[in-house]
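Chemist: This is the structure, below, for whatever I ask next.
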Amino acid sequence: MKSELLLPVGNMDMCLAAIHHGADAIYVGVPFFNARGRTTDFGIDELREMINLCHLYGVRVNLAFNVVIFQSEFPKVIELLKDLIPLGPDAFIVQDLGLARLIRQMAPEQRIHASTQMTVTSPDAIKLVEDLEIDRFVLGRENSIPEIKLIREKTDKELEVFVHGALCVAYSGQCFTSESLGGRSANRGQCAQSCRLEYELYVDDVKKDLGNKKYLVSPKDLMGIEEVPTLKALGVNSFKVEGRLKTPEYVAGAAKNYREVLDGAPVNLKQRTEELSLTYSRGFFSGWLGGVDHQRLVDGTYSSHRGLKVGKIKEVRKKTIVVESHTELRAGMGLLFVGQEDLGAKIFTALKLGTNFEVELLQKDLPVKPGMDVYLNSSDALAKDLQRGWQSREHQKRIPLNFLVQGSYREPLFVKAVDPEGREVYAQTISFLLPASARPVTQAFIKDELSALGTTVYEMGSFECFLQEGLFLNHRELKDLRREIVEKMNQERTRTRNRLSGSAELQTSPRAPSQDGAGLNIVLRSRAQVEGIAEAFETFAPYRGLFKSVILDFEFGKDYAESVGLLRALGIKVGIATTRILKPLEYYNLNTIVRHRPDFILVRNLGALEYLRASGIPLIGDFSLNVTNSYSLDYLIRKGLRTINLSYDLNQDQLLDLIAAADPATVEVTLHQYMPEFHMEHCVFAAFLSTGHSFRDCGKPCEKHEVKLKDPYGNWHFLKADQECRNTFFKATPQSASFLATDLMNRGVRSFRLEALGEKSAELNQKVLTYLRLLSGEISSEEAVEKLKLMESYGLGQGQLGRADTYKDRKKEARE
């Protein structure tokens, strides 16, 4: 297939803007189950209308079903699919593996695209799920062009790449900040935009003065238009624009510019940057397409639309201001003046004075001062020009039809029309052609009549006519013939085939009786913590049967060997955790883990699971695999995992629903943790504690300093780097699910987890002992919590598991 331009749609005007400015395809959310919870949901009838309209214009429609699905929701999901699949969507964009299984079983011929929420960043992940017959993979935004090239070389699956729009600072599918701070799961489309908040940076417990830099994890917007020709040459199949919450003008501008470049027009970066900046921009950067650049990804001084920086205020006069600007300023443009506070105003008049512009603003007495930076952030003229593309009939897209006309004596006039995809429709007159007594029908007249398509989506392409001269045809019949051709072609172009042909009953593996007792797996982050556990191991002697294992999750692999040896000498089972992300060529850490031959490996991503399946080492799965239902759980267990730590998106009711439907012996539940919030390629250490652009020149401040951040609500967040220099925010207030432990054991759960972070040995050992006593029944949940509260400097919470099933759909619902 040719390279596809894929545009976001959140309402009908955005759909029209995409169609008429060059989109090959659009994507729109499935009602109630998509990753943009603030968009308006379309009803089934509205989706039918939109799909038919797009197909009429030759534009494909992908339905975003890109959220995790909870166990209790599957009956509703099945009914929804029974409504959606007959509409003829060109693909479903899916995050949840259980949902992918369901769609593939219900509709074997239905195209499925793996969402970027599935966190696919390597060819290994693609290979792991090949049995789901996923047609396309939306790669992580963090994949660079060289990495995309390597993935392209290793798979024949279609690849989709984001080239424009907002960047999430966290890996898609790996952000739990909204869940942690407000119970709003990003994996359910309820992102609270926590990355756009102000944060204070503390280094070794001292607040660092960063001047006016407050937005430390708010990336600039992605603009990859300069990279489009390279990506196209690599064989990328689809070029995706983010922005279902943006405006029709944003869609129109992005579609127009990227369409032109995809079709071979010069990039003209300056001109396109200026135009695209006016529809929405937090400042543009090529994101991670060129690799990491920690000094350029995040500006830090703002987090919302600014537009294009054009100059500074040179002088403030009585009624006007003089702006030194390298861009022409005109009436109707919007300006943003940046100083201690941002001030916005529209231009009433603008007079060019050499290299300056004297500007009168519509808003009077604006407290602007000389030296303030000036940004151009809107233009009435540009907005009207873009709106003409879908509002003015003369500018709208047309589908060319090639006509063949045949007419001879005592035969009906025959017309065939062929569209660009080769669909053919036919029509003929009711009456026969007979000799004309006057004014015989001519080829020119037939051509003029058939080309009168102004109120349709069509225009005349080629015209061939084989007409015997001197014949009569009633003009009304020719008009009827044209209408019949249009109606038949409309039917052909919007024809759908119901792909529903399979069962909606998913089978899961039968439960196997578990001989194991309940036990605690302890995640340790440093060699010092390992040594502390070893020294205090005799303290845990009465609870040896409950002390299941230690999992090593170190920043540096060099400490594995001695730690594994020390723990094994005490008879403790030892696991080692992979990183949460695997990219092409990042196999060194995995090979290091295998070389140490741990008793098991904690697998944190789909690619690592595929790579490690042949290692011969037992594998267990982590929360980052986003398992929220028994069908996803069963799928990954079949892939070789023995147990899986369930997603941190689950609240108490959702967790218990899943356990009731699954084999509880395959489930692990975290009892104590510091919620891992953002997991990101962006390195805060390098960006704000060095002048380095990557690990090669940053000086590795992560090895020298303890860093934490404070958000506007007073919450503290610890920052840690992993072996690939990726950063994770951890909420400083830990959460305990001790209140659920007894109930979970009674339901058959045998694996529990305690996650350490930066605790000193004495504190950590007391936590471990408290949870062992809890699992043994020696103390109650209430007693455990009281003991834990004495140890936690930032308090103790219950987190998402402490909430009942109170998930609220915050969508502005458009119900049928």
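Each chain of the structure tokens is named A, B, ... in the order shown, its residues numbered from 1; ligands are numbered from 1 in display order.
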Can you tell me which residues surround segment 791-797 of chain A at a distance of at most 10 Å, considering only C-alpha atoms, apart from same-chain residues fewer than 5 positions away, and format the answer as a list in words?

Modeler: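 The contact residues come out as His672, Tyr674, Asn715, Trp716, Lys731, Ala732, Thr733, Pro734, Gln735, Ser736, Ala737, Glu759, Glu763, Leu764, Gln766, Lys767, Val785, Glu786 and Gly802 of chain A.
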
Chemist: Which residues in segment 342-557 of chain A does DSSP call alpha helix (DSSP H)? List them as a VMD selection string.

Modeler: chain A and resid 380 to 391 443 to 450 475 to 493 527 to 535

Chemist: Of the residues A:Glu681, A:Glu242, A:Glu133, A:Asp657, which is the one nearest to Asp293 of chain A, using only C-alpha atoms?

Modeler: A:Glu681

Chemist: Of the candidates A:Pro89, A:Pro370, A:Gly311, A:Gly173, which one gets nearest to Val68 of chain A if we count only C-alpha atoms?

Modeler: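 Counting only C-alpha atoms, the residue closest to Val68 of chain A is A:Gly173.
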
Chemist: Between atom CA of Ser286 of chain A and atom CA of Ser144 of chain A, what is the distance, to one decimal in Å?

Modeler: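 Straight-line distance from atom CA of Ser286 of chain A to atom CA of Ser144 of chain A works out to 10.0 Å.
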
Chemist: Do you know which residues are at most 12 Å from Gly243 of chain A counting only C-alpha atoms, after dropping those on the same chain fewer than 5 positions away, and could you put them as a VMD selection string?

Modeler: chain A and resid 6 to 11 14 18 26 to 29 35 to 36 38 to 39 162 to 168 221 to 222 248 to 252 254 to 255 279 to 281

Chemist: Please provide as a list in words all residues within 7 Å of segment 576-581 of chain A, with the sequence filter that same-chain residues fewer than 3 positions apart are discarded (counting only C-alpha atoms).

Modeler: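 Non-adjacent residues within range: Ile551, Leu552, Asp553, Leu590, Ile593, Pro598, Phe600, Ile601, Leu602, Val603, Arg604, Asn605 and Ser624 of chain A.
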
Chemist: Counting only C-alpha atoms, which residue out of A:Phe729, A:Tyr771, A:Phe739, A:Phe685 sits closest to His294 of chain A?

Modeler: A:Phe685

Chemist: For the structure I just gave you, how does DSSP split segment 438-681 of chain A - specifically, which residues are strand (DSSP E or B)? Reply as JSON, numbers by chain.

Modeler: {"A": [458, 459, 460, 461, 462, 463, 464, 465, 466, 467, 471, 472, 519, 520, 521, 522, 523, 524, 547, 548, 549, 550, 551, 552, 574, 575, 576, 577, 600, 601, 602, 603, 619, 620, 621, 641, 642, 643, 644, 645, 667, 668, 669, 670, 671, 672, 673, 676, 677, 678, 679, 680]}

Chemist: Rounded to one decimal, what separation in Å do you get between atom CA of Val594 of chain A and atom CA of Leu619 of chain A?

Modeler: 11.3 Å

Chemist: Between A:Phe623, A:Gln406, A:Trp390, A:Val425, which residue has the minimum interatomic distance to Gln443 of chain A, considering only C-alpha atoms?

Modeler: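 Selected residue with least distance to Gln443 of chain A: A:Gln406.
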